[in-house]
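**Q** My structure is stored as model34.txt, with compact mmCIF, C-alpha atoms.
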```txt
# COMPACT_ATOMS: atom_id res chain seq x y z
CA MET A 1 -21.67 23.28 -18.17
CA LEU A 2 -24.47 20.91 -17.21
CA ILE A 3 -22.55 18.01 -18.72
CA ILE A 4 -19.43 18.95 -16.73
CA ARG A 5 -21.42 19.06 -13.48
CA LEU A 6 -22.94 15.65 -14.18
CA ILE A 7 -19.49 14.18 -14.91
CA PHE A 8 -18.11 15.70 -11.70
CA LEU A 9 -20.95 14.37 -9.54
CA SER A 10 -20.83 10.89 -11.09
CA LEU A 11 -17.07 10.67 -10.52
CA LEU A 12 -17.49 11.63 -6.87
CA VAL A 13 -20.18 8.98 -6.32
CA HIS A 14 -18.19 6.37 -8.23
CA CYS A 15 -15.00 7.10 -6.30
CA THR A 16 -16.81 6.91 -2.96
CA PHE A 17 -18.32 3.49 -3.58
CA ILE A 18 -15.20 2.10 -5.23
CA SER A 19 -12.98 3.20 -2.34
CA LYS A 20 -15.21 1.51 0.22
CA SER A 21 -15.61 -1.65 -1.83
CA TYR A 22 -12.03 -2.23 -2.88
CA SER A 23 -10.03 -0.37 -0.23
CA GLN A 24 -7.15 0.44 -2.56
CA SER A 25 -5.99 -3.10 -3.10
CA LEU A 26 -4.14 -5.02 -5.78
CA PHE A 27 -3.13 -8.62 -6.45
CA GLN A 28 0.65 -8.83 -6.65
CA ASN A 29 3.13 -11.63 -7.25
CA GLY A 30 4.08 -13.43 -4.08
CA TYR A 31 3.79 -16.63 -2.10
CA LEU A 32 2.46 -18.05 1.13
CA ILE A 33 3.97 -20.53 3.56
CA THR A 34 1.65 -23.25 4.81
CA ASN A 35 1.62 -24.65 8.34
CA GLN A 36 3.45 -27.65 6.87
CA ASN A 37 6.22 -25.24 5.77
CA ASP A 38 5.42 -25.62 2.06
CA THR A 39 5.82 -22.61 -0.23
CA VAL A 40 2.93 -21.93 -2.63
CA ARG A 41 3.44 -19.28 -5.30
CA GLY A 42 0.62 -17.13 -6.64
CA PHE A 43 -0.79 -13.64 -6.14
CA VAL A 44 -1.39 -11.90 -2.81
CA LYS A 45 -4.07 -9.22 -2.56
CA TYR A 46 -2.00 -6.29 -1.29
CA GLU A 47 -4.53 -4.04 0.42
CA ASP A 48 -4.41 -0.60 1.93
CA TRP A 49 -3.74 -2.10 5.38
CA THR A 50 -4.23 0.55 8.02
CA ASN A 51 -3.88 -2.16 10.66
CA SER A 52 -2.14 -5.52 10.70
CA PRO A 53 -4.20 -8.09 8.78
CA VAL A 54 -5.65 -11.23 10.34
CA GLU A 55 -6.44 -12.78 6.96
CA ILE A 56 -5.42 -12.36 3.33
CA ALA A 57 -6.84 -13.18 -0.08
CA PHE A 58 -4.61 -15.39 -2.21
CA LYS A 59 -5.04 -16.22 -5.90
CA ASP A 60 -3.33 -19.40 -7.08
CA THR A 61 -1.85 -19.92 -10.53
CA ASN A 62 -5.19 -21.32 -11.74
CA GLY A 63 -6.95 -18.07 -10.85
CA GLN A 64 -8.83 -19.44 -7.83
CA VAL A 65 -9.07 -17.00 -4.91
CA LYS A 66 -9.10 -18.22 -1.29
CA LEU A 67 -8.98 -16.52 2.09
CA PHE A 68 -6.29 -17.57 4.57
CA SER A 69 -6.31 -16.55 8.21
CA ALA A 70 -3.26 -16.09 10.42
CA LEU A 71 -4.15 -19.43 12.01
CA GLY A 72 -4.25 -21.14 8.62
CA ILE A 73 -0.76 -20.30 7.32
CA ARG A 74 2.66 -19.41 8.74
CA GLY A 75 3.13 -16.28 6.65
CA PHE A 76 3.25 -14.73 3.21
CA CYS A 77 5.48 -12.57 1.06
CA ILE A 78 4.86 -9.90 -1.58
CA ASP A 79 7.63 -9.96 -4.15
CA ALA A 80 7.58 -6.20 -4.69
CA TYR A 81 10.22 -4.92 -2.23
CA GLN A 82 10.29 -8.42 -0.63
CA LEU A 83 7.70 -7.53 2.00
CA LYS A 84 7.30 -10.44 4.42
CA PHE A 85 4.60 -11.05 7.00
CA LYS A 86 4.72 -13.75 9.67
CA SER A 87 1.81 -15.24 11.58
CA LYS A 88 2.36 -14.61 15.30
CA LYS A 89 0.29 -14.84 18.48
CA ILE A 90 0.73 -11.64 20.42
CA GLY A 91 -0.50 -10.46 23.79
CA LEU A 92 -2.18 -7.05 23.91
CA LEU A 93 -2.07 -4.75 26.91
CA ASN A 94 -5.36 -3.27 28.01
CA ILE A 95 -4.14 0.33 27.84
CA ALA A 96 -6.24 2.99 26.10
CA LEU A 97 -3.85 5.75 25.07
CA TYR A 98 -6.68 8.29 24.92
CA GLU A 99 -8.05 7.60 28.40
CA ARG A 100 -6.88 9.41 31.53
CA TYR A 101 -6.00 7.07 34.40
CA ARG A 102 -6.14 7.79 38.12
CA ARG A 103 -4.11 4.65 38.84
CA PHE A 104 -1.35 3.15 36.76
CA PRO A 105 -2.96 0.55 34.46
CA SER A 106 -2.14 -3.13 34.61
CA LEU A 107 0.74 -4.25 32.41
CA LYS A 108 -0.53 -7.79 32.20
CA ALA A 109 -1.72 -8.80 28.76
CA LYS A 110 -5.44 -9.63 28.90
CA ASP A 111 -6.09 -10.38 25.24
CA SER A 112 -4.26 -12.46 22.66
CA LEU A 113 -4.47 -12.23 18.90
CA GLN A 114 -3.16 -14.33 16.01
CA VAL A 115 -2.13 -11.80 13.41
CA PHE A 116 0.25 -11.22 10.52
CA LEU A 117 3.16 -9.05 11.67
CA LYS A 118 5.32 -7.20 9.16
CA GLU A 119 8.89 -8.45 9.27
CA ILE A 120 11.31 -5.57 9.69
CA VAL A 121 14.51 -7.54 10.36
CA TYR A 122 15.09 -11.29 10.49
CA GLY A 123 18.17 -12.82 12.09
CA SER A 124 19.24 -15.84 14.07
CA GLY A 125 20.09 -13.57 16.98
CA ALA A 126 16.99 -11.38 16.99
CA SER A 127 14.09 -10.48 14.71
CA LEU A 128 11.95 -7.35 14.70
CA TYR A 129 8.27 -7.17 13.73
CA LEU A 130 5.69 -4.40 13.38
CA TYR A 131 2.08 -4.51 14.57
CA LEU A 132 -0.40 -1.76 13.59
CA ASN A 133 -3.58 -1.48 15.65
CA GLU A 134 -6.98 -0.20 14.53
CA VAL A 135 -5.91 3.46 14.86
CA GLU A 136 -2.62 2.89 13.00
CA THR A 137 -0.43 3.10 16.12
CA SER A 138 2.85 1.23 15.71
CA PHE A 139 3.93 -1.46 18.20
CA TYR A 140 7.20 -3.35 17.78
CA PHE A 141 7.83 -6.96 18.78
CA LEU A 142 11.21 -8.57 19.35
CA GLU A 143 11.80 -12.29 18.84
CA THR A 144 14.85 -14.04 20.27
CA LYS A 145 15.58 -17.60 21.29
CA LYS A 146 13.59 -16.83 24.47
CA GLY A 147 10.43 -16.07 22.50
CA LEU A 148 8.37 -13.16 21.16
CA VAL A 149 7.86 -10.09 23.37
CA GLU A 150 6.48 -6.62 22.84
CA LEU A 151 8.94 -3.76 23.14
CA TYR A 152 7.00 -1.63 25.60
CA ASN A 153 6.76 2.09 24.97
CA TYR A 154 3.67 3.91 26.23
CA ASN A 155 2.85 7.52 27.09
CA ILE A 156 0.03 7.09 29.62
CA PRO A 157 -2.19 10.07 30.58
CA MET A 158 -2.52 10.19 34.39
CA MET A 159 -4.91 12.29 36.48
CA VAL A 160 -3.29 13.64 39.67
CA HIS A 161 -5.19 16.23 41.73
CA ASN A 162 -7.39 17.00 38.72
CA ARG A 163 -4.38 17.68 36.52
CA THR A 164 -3.24 15.55 33.62
CA TYR A 165 0.33 14.29 33.48
CA ILE A 166 2.02 11.94 31.05
CA ALA A 167 3.64 8.87 32.58
CA VAL A 168 6.33 7.56 30.24
CA PHE A 169 6.64 3.79 30.33
CA ASP A 170 9.62 3.02 28.06
CA LYS A 171 10.61 -0.43 29.25
CA TYR A 172 11.83 -1.23 25.73
CA LYS A 173 15.12 0.45 26.72
CA GLU A 174 15.62 -2.13 29.48
CA GLN A 175 14.59 -4.94 27.12
CA LEU A 176 17.14 -3.92 24.50
CA SER A 177 19.82 -3.43 27.15
CA ALA A 178 19.16 -6.97 28.38
CA ILE A 179 19.82 -8.57 24.99
CA ALA A 180 22.82 -6.29 24.43
CA LYS A 181 24.49 -7.76 27.55
CA GLU A 182 24.43 -11.16 25.87
CA SER A 183 26.86 -9.96 23.21
CA LEU A 184 30.43 -8.98 24.05
CA GLY A 185 31.51 -5.88 22.20
CA PHE A 186 27.98 -4.66 21.45
CA ASN A 187 27.62 -1.25 23.06
CA GLU A 188 25.32 0.68 20.75
CA PRO A 189 23.19 3.40 22.42
CA ILE A 190 19.50 2.60 22.86
CA PRO A 191 17.65 3.96 19.82
CA PRO A 192 14.43 6.00 19.67
CA TYR A 193 11.20 4.00 19.39
CA GLN A 194 11.02 4.37 15.61
CA GLU A 195 11.26 1.78 12.87
CA LYS A 196 14.35 3.23 11.19
CA TYR A 197 16.44 3.29 14.37
CA LEU A 198 15.16 0.02 15.83
CA ARG A 199 15.95 -1.67 12.50
CA GLN A 200 19.52 -0.38 12.54
CA TYR A 201 19.99 -1.45 16.17
CA ILE A 202 18.84 -5.05 15.57
CA GLU A 203 20.89 -5.33 12.38
CA LYS A 204 24.04 -4.27 14.25
CA TYR A 205 23.19 -6.64 17.10
CA ASN A 206 22.88 -9.60 14.70
CA SER A 207 26.10 -8.58 12.98
CA VAL A 208 28.10 -8.48 16.21
CA LEU A 209 26.73 -11.90 17.13
CA SER A 210 28.32 -13.23 13.93
CA PHE A 211 24.92 -13.85 12.36
CA GLN A 212 25.44 -11.29 9.63
CA ASN A 213 25.22 -13.82 6.83
CA GLU A 214 21.87 -15.05 8.16
CA THR A 215 20.41 -11.61 8.75
CA SER A 216 17.90 -10.40 6.21
CA LYS A 217 15.64 -7.41 5.87
CA PRO A 218 12.95 -6.41 3.38
CA GLU A 219 13.97 -3.95 0.72
CA GLN A 220 12.96 -0.55 2.00
CA GLU A 221 9.72 0.72 0.53
CA ILE A 222 10.39 3.89 -1.43
CA PRO A 223 8.17 6.21 -3.45
CA LYS A 224 7.92 5.60 -7.19
CA PHE A 225 8.62 8.46 -9.57
CA ASP A 226 6.91 8.83 -12.97
CA LEU A 227 7.65 11.24 -15.80
CA ASP A 228 4.36 12.67 -17.12
CA LEU A 229 4.07 13.34 -20.88
CA ASN A 230 0.74 14.89 -21.86
CA VAL A 231 -1.27 16.50 -24.63
CA GLY A 232 -4.80 17.88 -24.57
CA LEU A 233 -7.31 20.63 -25.22
CA GLU A 234 -7.44 23.76 -23.04
CA ASN A 235 -10.96 25.19 -22.69
CA TRP A 236 -10.72 27.75 -19.88
CA THR A 237 -11.26 31.20 -21.39
CA GLU A 238 -11.15 34.25 -19.16
CA ASN A 239 -10.40 37.87 -19.99
CA PRO A 240 -7.93 38.82 -21.27
CA VAL A 241 -7.21 35.28 -22.64
CA ILE A 242 -8.79 34.31 -25.96
CA LEU A 243 -8.06 30.74 -27.04
CA THR A 244 -7.88 30.70 -30.84
CA ASN A 245 -5.79 27.54 -30.42
CA LYS A 246 -6.83 25.04 -27.73
CA THR A 247 -4.05 22.49 -28.20
CA THR A 248 -1.90 22.19 -25.09
CA PHE A 249 1.01 19.97 -24.17
CA GLY A 250 3.45 19.61 -21.33
CA LEU A 251 5.61 17.68 -18.90
CA GLY A 252 5.25 16.71 -15.29
CA MET A 253 6.38 14.50 -12.45
CA ARG A 254 4.24 12.19 -10.31
CA VAL A 255 5.32 10.70 -6.98
CA ASN A 256 3.44 7.52 -5.97
CA PHE A 257 3.53 6.70 -2.28
CA PRO A 258 4.59 3.20 -1.13
CA GLY A 259 3.07 0.62 1.19
CA ARG A 260 -0.45 1.07 2.46
CA PHE A 261 -0.64 4.46 0.69
CA TYR A 262 -0.12 2.68 -2.62
CA ASN A 263 -2.84 4.54 -4.57
CA ARG A 264 -2.02 8.05 -3.39
CA PHE A 265 0.13 10.53 -5.27
CA VAL A 266 1.55 14.04 -5.57
CA LYS A 267 1.82 15.51 -9.06
CA VAL A 268 3.53 18.60 -10.53
CA ASN A 269 2.76 19.69 -14.12
CA PHE A 270 3.75 22.38 -16.60
CA PHE A 271 1.49 23.03 -19.63
CA ILE A 272 2.03 25.22 -22.70
CA THR A 273 -0.82 26.47 -24.90
CA PRO A 274 0.80 28.22 -27.89
CA ASP A 275 -0.70 31.09 -29.90
CA ALA A 276 -3.15 32.28 -27.26
CA ASN A 277 -4.44 35.83 -27.82
CA ILE A 278 -3.99 38.23 -24.90
CA GLY A 279 -5.76 41.59 -24.79
CA TYR A 280 -8.97 43.34 -23.85
CA ASP A 281 -9.52 44.82 -27.32
CA ALA A 282 -8.35 44.31 -30.89
CA ALA A 283 -5.80 47.13 -30.66
CA SER A 284 -3.93 45.68 -27.70
CA ARG A 285 -4.25 42.02 -28.64
CA ARG A 286 -1.07 39.96 -29.02
CA LYS A 287 -0.13 36.30 -29.26
CA VAL A 288 1.65 34.51 -26.41
CA SER A 289 2.34 30.99 -25.26
CA LEU A 290 0.08 30.50 -22.26
CA LYS A 291 2.14 28.75 -19.57
CA THR A 292 0.28 26.99 -16.76
CA TYR A 293 1.82 25.28 -13.75
CA GLU A 294 -0.03 22.99 -11.36
CA VAL A 295 0.56 21.10 -8.11
CA SER A 296 -1.92 18.41 -7.05
CA VAL A 297 -2.46 15.70 -4.44
CA GLY A 298 -4.90 12.86 -4.99
CA SER A 299 -5.72 9.18 -4.97
CA HIS A 300 -6.67 6.40 -7.33
CA PHE A 301 -9.50 4.12 -6.21
CA GLY A 302 -9.89 0.37 -6.57
CA LEU A 303 -7.80 -2.57 -7.69
CA ARG A 304 -8.78 -2.95 -11.34
CA LYS A 305 -6.61 -1.97 -14.29
CA LEU A 306 -9.14 0.76 -15.12
CA ARG A 307 -9.65 2.87 -12.02
CA PRO A 308 -10.92 6.40 -11.33
CA TYR A 309 -8.92 9.02 -9.50
CA ILE A 310 -9.55 12.46 -8.06
CA GLY A 311 -7.16 15.17 -6.97
CA PHE A 312 -7.13 18.57 -5.32
CA HIS A 313 -4.85 20.98 -7.10
CA TYR A 314 -3.54 24.52 -7.41
CA SER A 315 -3.16 26.06 -10.86
CA GLY A 316 -1.36 29.27 -11.77
CA VAL A 317 -0.49 31.06 -15.02
CA SER A 318 2.75 32.89 -15.76
CA ASP A 319 2.54 36.71 -16.09
CA SER A 320 -0.89 36.61 -14.38
CA TYR A 321 -2.75 36.37 -17.67
CA ARG A 322 -5.47 34.43 -15.87
CA LEU A 323 -6.66 34.19 -12.26
CA TYR A 324 -5.48 31.37 -10.03
CA PHE A 325 -7.38 28.15 -9.42
CA LEU A 326 -7.76 25.93 -6.36
CA GLY A 327 -10.05 22.94 -6.69
CA PHE A 328 -10.62 19.55 -8.27
CA GLN A 329 -9.29 17.47 -11.12
CA ALA A 330 -10.49 13.95 -11.89
CA GLY A 331 -10.12 11.21 -14.45
CA LEU A 332 -9.75 7.57 -15.38
CA SER A 333 -6.45 5.71 -15.31
CA TYR A 334 -5.39 2.52 -17.07
CA ASN A 335 -2.76 0.65 -15.06
CA ARG A 336 -1.75 4.05 -13.68
CA LYS A 337 0.18 4.48 -16.94
CA ILE A 338 -2.36 6.20 -19.20
CA ASN A 339 -4.72 8.82 -17.75
CA LEU A 340 -7.66 10.64 -19.30
CA GLU A 341 -8.09 13.73 -17.14
CA LEU A 342 -10.46 16.63 -16.60
CA GLY A 343 -8.46 19.49 -15.12
CA HIS A 344 -9.45 22.68 -13.22
CA PHE A 345 -13.23 22.27 -13.38
CA ALA A 346 -14.41 23.14 -9.84
CA ASN A 347 -12.84 26.29 -8.37
CA PHE A 348 -13.12 26.79 -4.61
CA ILE A 349 -11.70 30.31 -4.64
CA SER A 350 -14.25 31.55 -7.20
CA PRO A 351 -16.05 33.75 -4.59
CA MET A 352 -12.79 35.65 -4.06
CA THR A 353 -11.87 35.94 -7.73
CA GLY A 354 -15.34 36.67 -9.11
CA THR A 355 -15.28 33.66 -11.46
CA THR A 356 -17.79 30.83 -11.74
CA PHE A 357 -17.39 27.70 -9.61
CA PHE A 358 -17.65 25.27 -12.54
CA LEU A 359 -15.19 26.10 -15.33
CA ARG A 360 -14.64 24.66 -18.75
CA PRO A 361 -12.04 21.96 -18.02
CA ARG A 362 -8.85 21.07 -19.76
CA ILE A 363 -9.21 17.60 -21.27
CA SER A 364 -5.82 15.91 -21.45
CA LEU A 365 -4.22 12.53 -22.09
CA HIS A 366 -1.25 11.62 -19.88
CA TYR A 367 1.35 8.92 -20.39
CA PHE A 368 3.59 8.05 -17.41
CA VAL A 369 7.10 6.62 -17.69
CA GLU A 370 8.37 4.97 -14.52
CA LEU A 371 11.77 6.38 -13.58
CA ASN A 372 12.64 3.95 -10.77
CA SER A 373 13.09 1.07 -13.22
CA HIS A 374 15.75 3.09 -15.06
CA HIS A 375 17.70 3.77 -11.86
CA LYS A 376 20.56 1.38 -11.19
CA LYS A 377 21.16 0.73 -7.52
```
Can you dump the structure from the file as structure tokens?

**A**
Amino acid sequence: MLIIRLIFLSLLVHCTFISKSYSQSLFQNGYLITNQNDTVRGFVKYEDWTNSPVEIAFKDTNGQVKLFSALGIRGFCIDAYQLKFKSKKIGLLNIALYERYRRFPSLKAKDSLQVFLKEIVYGSGASLYLYLNEVETSFYFLETKKGLVELYNYNIPMMVHNRTYIAVFDKYKEQLSAIAKESLGFNEPIPPYQEKYLRQYIEKYNSVLSFQNETSKPEQEIPKFDLDLNVGLENWTENPVILTNKTTFGLGMRVNFPGRFYNRFVKVNFFITPDANIGYDAASRRKVSLKTYEVSVGSHFGLRKLRPYIGFHYSGVSDSYRLYFLGFQAGLSYNRKINLELGHFANFISPMTGTTFFLRPRISLHYFVELNSHHKK
């Protein structure tokens, strides 16, 4: 048990430092566009961007890594899902969404920023871009032949007679109506201020303007699904379970989240441990196949091929042969394809079940088969 505790503590410390150092990033195939409009292929460091980046790390084909700011290049692309980012200078309104105002704030942009905006739709009629600020709030920018403007949509807390009211400033509706008037036959209703609906609106606008052949959009980021094949050794003994055979095997499914949540996952597993003895005494003892089902959420850490991961999971056993578990699992993953895992070793509901907090873990080897690559679109 002492060894298990040491492994658990070392994994926690390792995961903490790795997550801060590497911020869930990965070099992926892509290219950048220089200010001279040249395309340079290589590898873009795709990070867990919680706000729009102002610089990126780029590895050329010779393995040399350089940093490029939004002033230094025109944009870059990550081949996976054709994610494109363009360097744009944007004006930021000085509106704090968590501050209560006694007077309506100024709508004049006081700050400007050169930043990489995510391209949502590109077209000769209109293009749509996404900006994420430091608290992950989404702001959308529209580019037409008249220039780049923010689509304004703010819910502003106002103090009136010591009461708080929300002033809705949704000028984006007027802005979209203005461009719609430039196209005969375009009468789509103004969409909600959400990426999905704004994307559809701009795509239809470009189509009506006869720019359909020149309109492009990134492939939508979707979760990746993996089939989990596993085998291992089950070590958790608890009355009335007696493990004369520890070999366990099973199947599962893992869902890997896209985009800036690249390293995070949800996993469902089913394990079978055959020939387990059930009974409180020799007279009542019988052999069964111990069936365990688990649901977990977790995250890998780092950008290397070999990276640690930790998850929080629920574990139950059919026919209530064993008490339930709610706690940690952890392990090491190679390319997120082969995992060596310690399961159910720290139980947070032990005070309610009368079991110990640290349990003998299941040690298992998992092999993941990506299902998306076998799906024909």

**Q** One decimal, in Å: what's the spacing between CA of Pro191 in chain A and CA of Ala80 in chain A?

**A**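 Taking CA of Pro191 in chain A and CA of Ala80 in chain A, their separation equals 28.4 Å.
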
**Q** Looking at only C-alpha atoms, which of A:Met253, A:Ile202, A:Leu148, A:Ile166 is the one that sits closest to Leu229 in chain A?

**A** A:Met253

**Q** Counting all atoms listed in the file, I want the residues whose atoms come within 9 Å of (-1.1, 10.2, 29.6) in the file frame, returned as a list in words.

**A** Leu97, Tyr98, Glu99, Arg100, Tyr101, Tyr154, Asn155, Ile156, Pro157, Met158, Met159, Thr164, Tyr165, Ile166, Ala167 and Val168 of chain A

**Q** Can you tell me which residues surround Tyr367 in chain A at a distance of at most 7 Å, considering all atoms listed in the file, apart from same-chain residues fewer than 2 positions away, and format the answer as a PyMOL selection string?

**A** chain A and resi 228-230+337-339+365+369

**Q** List as a list in words the residues having at least one atom at most 8 Å from position (2.8, 18.6, -21.2) as given in the file, counting only C-alpha atoms.

**A**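 Every residue inside that radius is included here: Asp228, Leu229, Asn230, Val231, Thr248, Phe249, Gly250, Leu251, Gly252, Asn269, Phe270, Phe271 and Ile272 of chain A.
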
**Q** Adding 6 Å on each side of the box along x, y and z that holds all listed atoms of range 334-337 of chain A, could you give its centre and edge lengths in Å to one decimal, as JSON?

**A**
```
{"center_x": -2.6, "center_y": 2.6, "center_z": -15.4, "size_x": 17.6, "size_y": 15.8, "size_z": 15.4}
```

**Q** Do you know which residues are at most 12 Å from Leu117 in chain A counting only C-alpha atoms, after dropping those on the same chain fewer than 3 positions away, and could you put them as a ChimeraX atom specification?

**A** /A:49,51-55,70,74-77,83-90,113-114,120-121,127-133,138-143,148,150

**Q** CA of Leu332 in chain A and CA of Tyr309 in chain A, how far apart in Å?

**A** 6.1 Å

**Q** Between A:Leu209, A:Tyr334, A:Leu326, A:Asn372, which one has atoms that come closest to Thr353 in chain A, using all atoms listed in the file?

**A**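 Under the stated criterion, the closest residue is A:Leu326.
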
**Q** For range 31-42 of chain A, list every protein, DNA or RNA residue within 9 Å, evaluated using all atoms listed in the file, and leave out those in the same chain fewer than 6 positions away; present the list as a PDB file with C-alpha atoms, in the coordinates of the input.

**A**
```pdb
ATOM      1  CA  PHE A  58      -4.610 -15.390  -2.210  1.00  0.00           C
ATOM      2  CA  LYS A  59      -5.040 -16.220  -5.900  1.00  0.00           C
ATOM      3  CA  ASP A  60      -3.330 -19.400  -7.080  1.00  0.00           C
ATOM      4  CA  THR A  61      -1.850 -19.920 -10.530  1.00  0.00           C
ATOM      5  CA  ASN A  62      -5.190 -21.320 -11.740  1.00  0.00           C
ATOM      6  CA  GLY A  63      -6.950 -18.070 -10.850  1.00  0.00           C
ATOM      7  CA  LEU A  71      -4.150 -19.430  12.010  1.00  0.00           C
ATOM      8  CA  GLY A  72      -4.250 -21.140   8.620  1.00  0.00           C
ATOM      9  CA  ILE A  73      -0.760 -20.300   7.320  1.00  0.00           C
ATOM     10  CA  ARG A  74       2.660 -19.410   8.740  1.00  0.00           C
ATOM     11  CA  GLY A  75       3.130 -16.280   6.650  1.00  0.00           C
ATOM     12  CA  PHE A  76       3.250 -14.730   3.210  1.00  0.00           C
ATOM     13  CA  CYS A  77       5.480 -12.570   1.060  1.00  0.00           C
ATOM     14  CA  ILE A  78       4.860  -9.900  -1.580  1.00  0.00           C
ATOM     15  CA  ASP A  79       7.630  -9.960  -4.150  1.00  0.00           C
TER      16      ASP A  79
END
```

**Q** I need the residue nearest Tyr205 in chain A from this list: A:Val266, A:Val149, A:Ala126, A:Ala346. Use only C-alpha atoms for the distance.

**A** A:Ala126

**Q** Between A:Lys224, A:Arg307, A:His313, A:His366, which is the closest to Phe345 in chain A once you count all atoms listed in the file?

**A**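 Closest to Phe345 in chain A, using all atoms listed in the file: A:His313.
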
**Q** Measuring atom to atom with all atoms listed in the file, identify which of A:Trp236, A:Glu341, A:Val241, A:Gly311 is nearest to Thr356 in chain A.

**A**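 For Thr356 in chain A, the nearest of the given residues is A:Trp236.
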
**Q** With N, CA and C atoms as the target, complete range 51-67 of chain A and hand it back as a PDB file, keeping the file's coordinate frame.

**A**
```pdb
ATOM      1  N   ASN A  51      -4.252  -1.402   9.468  1.00  0.00           N
ATOM      2  CA  ASN A  51      -3.880  -2.160  10.660  1.00  0.00           C
ATOM      3  C   ASN A  51      -3.412  -3.544  10.210  1.00  0.00           C
ATOM      4  N   SER A  52      -2.716  -4.234  11.077  1.00  0.00           N
ATOM      5  CA  SER A  52      -2.140  -5.520  10.700  1.00  0.00           C
ATOM      6  C   SER A  52      -3.235  -6.517  10.356  1.00  0.00           C
ATOM      7  N   PRO A  53      -3.120  -7.205   9.213  1.00  0.00           N
ATOM      8  CA  PRO A  53      -4.200  -8.090   8.780  1.00  0.00           C
ATOM      9  C   PRO A  53      -4.256  -9.385   9.596  1.00  0.00           C
ATOM     10  N   VAL A  54      -5.461  -9.924   9.703  1.00  0.00           N
ATOM     11  CA  VAL A  54      -5.650 -11.230  10.340  1.00  0.00           C
ATOM     12  C   VAL A  54      -5.980 -12.285   9.297  1.00  0.00           C
ATOM     13  N   GLU A  55      -6.245 -11.844   8.068  1.00  0.00           N
ATOM     14  CA  GLU A  55      -6.440 -12.780   6.960  1.00  0.00           C
ATOM     15  C   GLU A  55      -6.081 -12.083   5.661  1.00  0.00           C
ATOM     16  N   ILE A  56      -5.768 -12.893   4.648  1.00  0.00           N
ATOM     17  CA  ILE A  56      -5.420 -12.360   3.330  1.00  0.00           C
ATOM     18  C   ILE A  56      -6.174 -13.135   2.261  1.00  0.00           C
ATOM     19  N   ALA A  57      -6.297 -12.508   1.096  1.00  0.00           N
ATOM     20  CA  ALA A  57      -6.840 -13.180  -0.080  1.00  0.00           C
ATOM     21  C   ALA A  57      -5.667 -13.599  -0.962  1.00  0.00           C
ATOM     22  N   PHE A  58      -5.705 -14.842  -1.425  1.00  0.00           N
ATOM     23  CA  PHE A  58      -4.610 -15.390  -2.210  1.00  0.00           C
ATOM     24  C   PHE A  58      -5.172 -16.041  -3.470  1.00  0.00           C
ATOM     25  N   LYS A  59      -4.611 -15.658  -4.622  1.00  0.00           N
ATOM     26  CA  LYS A  59      -5.040 -16.220  -5.900  1.00  0.00           C
ATOM     27  C   LYS A  59      -3.958 -17.174  -6.399  1.00  0.00           C
ATOM     28  N   ASP A  60      -4.333 -18.442  -6.613  1.00  0.00           N
ATOM     29  CA  ASP A  60      -3.330 -19.400  -7.080  1.00  0.00           C
ATOM     30  C   ASP A  60      -3.109 -19.242  -8.575  1.00  0.00           C
ATOM     31  N   THR A  61      -2.208 -20.044  -9.126  1.00  0.00           N
ATOM     32  CA  THR A  61      -1.850 -19.920 -10.530  1.00  0.00           C
ATOM     33  C   THR A  61      -2.984 -20.320 -11.466  1.00  0.00           C
ATOM     34  N   ASN A  62      -4.007 -20.973 -10.938  1.00  0.00           N
ATOM     35  CA  ASN A  62      -5.190 -21.320 -11.740  1.00  0.00           C
ATOM     36  C   ASN A  62      -6.266 -20.237 -11.676  1.00  0.00           C
ATOM     37  N   GLY A  63      -6.003 -19.162 -10.935  1.00  0.00           N
ATOM     38  CA  GLY A  63      -6.950 -18.070 -10.850  1.00  0.00           C
ATOM     39  C   GLY A  63      -7.976 -18.204  -9.742  1.00  0.00           C
ATOM     40  N   GLN A  64      -7.872 -19.241  -8.914  1.00  0.00           N
ATOM     41  CA  GLN A  64      -8.830 -19.440  -7.830  1.00  0.00           C
ATOM     42  C   GLN A  64      -8.402 -18.626  -6.612  1.00  0.00           C
ATOM     43  N   VAL A  65      -9.353 -17.871  -6.051  1.00  0.00           N
ATOM     44  CA  VAL A  65      -9.070 -17.000  -4.910  1.00  0.00           C
ATOM     45  C   VAL A  65      -9.582 -17.649  -3.626  1.00  0.00           C
ATOM     46  N   LYS A  66      -8.719 -17.687  -2.597  1.00  0.00           N
ATOM     47  CA  LYS A  66      -9.100 -18.220  -1.290  1.00  0.00           C
ATOM     48  C   LYS A  66      -8.643 -17.257  -0.197  1.00  0.00           C
ATOM     49  N   LEU A  67      -9.361 -17.291   0.920  1.00  0.00           N
ATOM     50  CA  LEU A  67      -8.980 -16.520   2.090  1.00  0.00           C
ATOM     51  C   LEU A  67      -8.194 -17.394   3.059  1.00  0.00           C
TER      52      LEU A  67
END
```
